[in-house]
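A.B. asks: Next up is a structure, given as structure tokens.
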Amino acid sequence: MPNPNHVPLQAGLYLIATPIGTARDITLRALDLLLSADVLVAEDTRSLRRLMEIHGLPLGDRPMYSYHEHNGAQMRPRLMAAIGEGKSVLYASEAGTPMISDPGFDLARAAREAGYAVTSAPGPSAVITALTLAGLPTDRFMFAGFLPSAKGARRRALEEVSGVPATLVFYESPARVAAMLADAAEILGDREAALARELTKKFEEVRRGTLSELALSASEQPPKGEIVVLVDRRSEKISESVPELALKQRMQEMSIRDAVDLVAAETGLPRRKVYQMALEIERNG
Ligand code: SAM
């Protein structure tokens, strides 16, 4: 239940997380802040009004402003002035946690640089929810956000993260996910992966398999709604097959010694290990 007593809040910026599907995933603290902040700011004012209606929170005569990528520069001075006058300013994304593939970064930085208090009411985010359900290691993960939509740029971005020793997490649109999975299978190798969609909603689904299996499933049964793709780190087996291919190619172009030196330098693998690989390649013709 929201706090029935309107608690006056200290001046500052309050960044609150909102649900990514089920409205009741809002936290009690976020409800308190929504009830008490002097100024409400939202990436999408309609969604925030609707969320407040669902939870029976009156807006009263408090202002609610829209703040997004395109009007941030005009809105920031106005919001900073409000905090300067002693007001509590709350900011909410359309869904999930502000700044996670969403606006809010420049706003928080402006408030910090002006010396104002900045705090957050943490809560839902699709990246954490997907990690919780994917069945892939969570000891280390890298959130890579949305990949570029153009094929060439997307493939380059995948190459950049290929060697990261962590579970990779991407946000993706249903229109692009089949192509993204096919590119990922080719560039990252056929690793274990998961596609998590419509989390916390009626049609929540987690598909698991290798990248090529998921690419096939996405082209045969296109997943709808909001999607997170998670990819396991490179396994030793795959990580060895990539230098081996490079080594074979180099051995056709230069002496074994030079090829071994080059591939050892390029991959960071011990020279001795690369040399053994070269001998094996020679033995097998
Ligand atoms: N700030 C949000 C967060 O904390 O997760 C993310 C906003 S980003 C603009 C929207 C993307 O997040 C979607 O395209 C999708 O990739 C992912 N997403 C958001 N809600 C989701 C859900 N319920 N299920 C799966 N993915 C979701």
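By convention in this document, the chains of the structure tokens carry letters A, B, ... by their order, each chain's residues are numbered from 1, and ligands are numbered from 1 in the order they are shown.
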Where in stretch 34-249 of chain A does DSSP assign alpha helix (DSSP H), given as a ChimeraX atom specification?
C.D. replies: /A:34-36,45-54,72-84,105-113,126-134,151-161,177-188,211-220,236-249
A.B. asks: Counting only C-alpha atoms, what is within 9 Å of A:Leu147, bar same-chain residues fewer than 3 positions away, as a PyMOL selection string?
C.D. replies: chain A and resi 144+150+153-155+157-158+170-172+180
A.B. asks: Determine, for each residue of chain A having at least one atom at most 9 Å from an atom of ligand 1, the closest pair of atoms and their separation in Å to one decimal, counting only C-alpha atoms and all ligand atoms; order by chain and ascending number, as a Markdown table.
C.D. replies:
```
| residue | atom | partner | partner_atom_place_in_ligand_line | distance |
| --- | --- | --- | --- | --- |
| A:Ala17 | CA | ligand 1 | 4 (O) | 7.5 |
| A:Thr18 | CA | ligand 1 | 4 (O) | 8.4 |
| A:Pro19 | CA | ligand 1 | 23 (N) | 8.3 |
| A:Ile20 | CA | ligand 1 | 23 (N) | 4.6 |
| A:Gly21 | CA | ligand 1 | 23 (N) | 5.1 |
| A:Thr22 | CA | ligand 1 | 23 (N) | 8.4 |
| A:Ser93 | CA | ligand 1 | 1 (N) | 6.4 |
| A:Glu94 | CA | ligand 1 | 1 (N) | 7.5 |
| A:Ala95 | CA | ligand 1 | 2 (C) | 5.5 |
| A:Gly96 | CA | ligand 1 | 4 (O) | 3.6 |
| A:Thr97 | CA | ligand 1 | 4 (O) | 3.8 |
| A:Pro98 | CA | ligand 1 | 1 (N) | 5.3 |
| A:Met99 | CA | ligand 1 | 1 (N) | 6.3 |
| A:Ile100 | CA | ligand 1 | 1 (N) | 4.4 |
| A:Ser101 | CA | ligand 1 | 8 (S) | 4.9 |
| A:Asp102 | CA | ligand 1 | 1 (N) | 5.1 |
| A:Pro103 | CA | ligand 1 | 1 (N) | 8.3 |
| A:Gly123 | CA | ligand 1 | 4 (O) | 8.6 |
| A:Pro124 | CA | ligand 1 | 4 (O) | 6.4 |
| A:Ser125 | CA | ligand 1 | 4 (O) | 3.5 |
| A:Ala126 | CA | ligand 1 | 5 (O) | 3.7 |
| A:Val127 | CA | ligand 1 | 5 (O) | 5.6 |
| A:Ile128 | CA | ligand 1 | 5 (O) | 7.9 |
| A:Thr129 | CA | ligand 1 | 24 (N) | 8.1 |
| A:Ala130 | CA | ligand 1 | 25 (C) | 7.1 |
| A:Gly145 | CA | ligand 1 | 16 (O) | 8.0 |
| A:Phe146 | CA | ligand 1 | 16 (O) | 7.4 |
| A:Phe170 | CA | ligand 1 | 16 (O) | 7.2 |
| A:Tyr171 | CA | ligand 1 | 16 (O) | 3.6 |
| A:Glu172 | CA | ligand 1 | 16 (O) | 4.6 |
| A:Ser173 | CA | ligand 1 | 14 (O) | 5.5 |
| A:Pro174 | CA | ligand 1 | 14 (O) | 8.4 |
| A:Leu195 | CA | ligand 1 | 25 (C) | 8.9 |
| A:Ala196 | CA | ligand 1 | 25 (C) | 5.9 |
| A:Arg197 | CA | ligand 1 | 25 (C) | 4.2 |
| A:Glu198 | CA | ligand 1 | 24 (N) | 3.8 |
| A:Leu199 | CA | ligand 1 | 24 (N) | 3.7 |
| A:Thr200 | CA | ligand 1 | 23 (N) | 5.8 |
| A:Lys201 | CA | ligand 1 | 23 (N) | 6.4 |
| A:Glu204 | CA | ligand 1 | 24 (N) | 7.4 |
| A:Glu205 | CA | ligand 1 | 24 (N) | 8.9 |
| A:Gly225 | CA | ligand 1 | 25 (C) | 7.5 |
| A:Glu226 | CA | ligand 1 | 26 (N) | 4.2 |
| A:Ile227 | CA | ligand 1 | 26 (N) | 4.0 |
| A:Val228 | CA | ligand 1 | 26 (N) | 4.9 |
| A:Val229 | CA | ligand 1 | 16 (O) | 8.0 |
```
A.B. asks: Using only C-alpha atoms, can you tell me which of A:Val206, A:Ile256, A:Met80, A:Leu9 comes closest to A:Ile281?
C.D. replies: A:Ile256
A.B. asks: Find the distance between atom CA of A:Val7 and atom CA of A:Glu113 and write it in Å to one decimal.
C.D. replies: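 Answer for the atom CA of A:Val7 to atom CA of A:Glu113 separation: 26.5 Å.
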A.B. asks: Counting only C-alpha atoms, which residue out of A:Lys273, A:Arg207, A:Arg62, A:Arg109 sits closest to A:Val89?
C.D. replies: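 Distance minimum relative to A:Val89 lands on A:Arg62.
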A.B. asks: I'd like the interatomic distance between atom CA of A:Arg76 and atom CA of A:Gln10, to a tenth of an Å.
C.D. replies: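 Distance between the two atoms: 19.0 Å.
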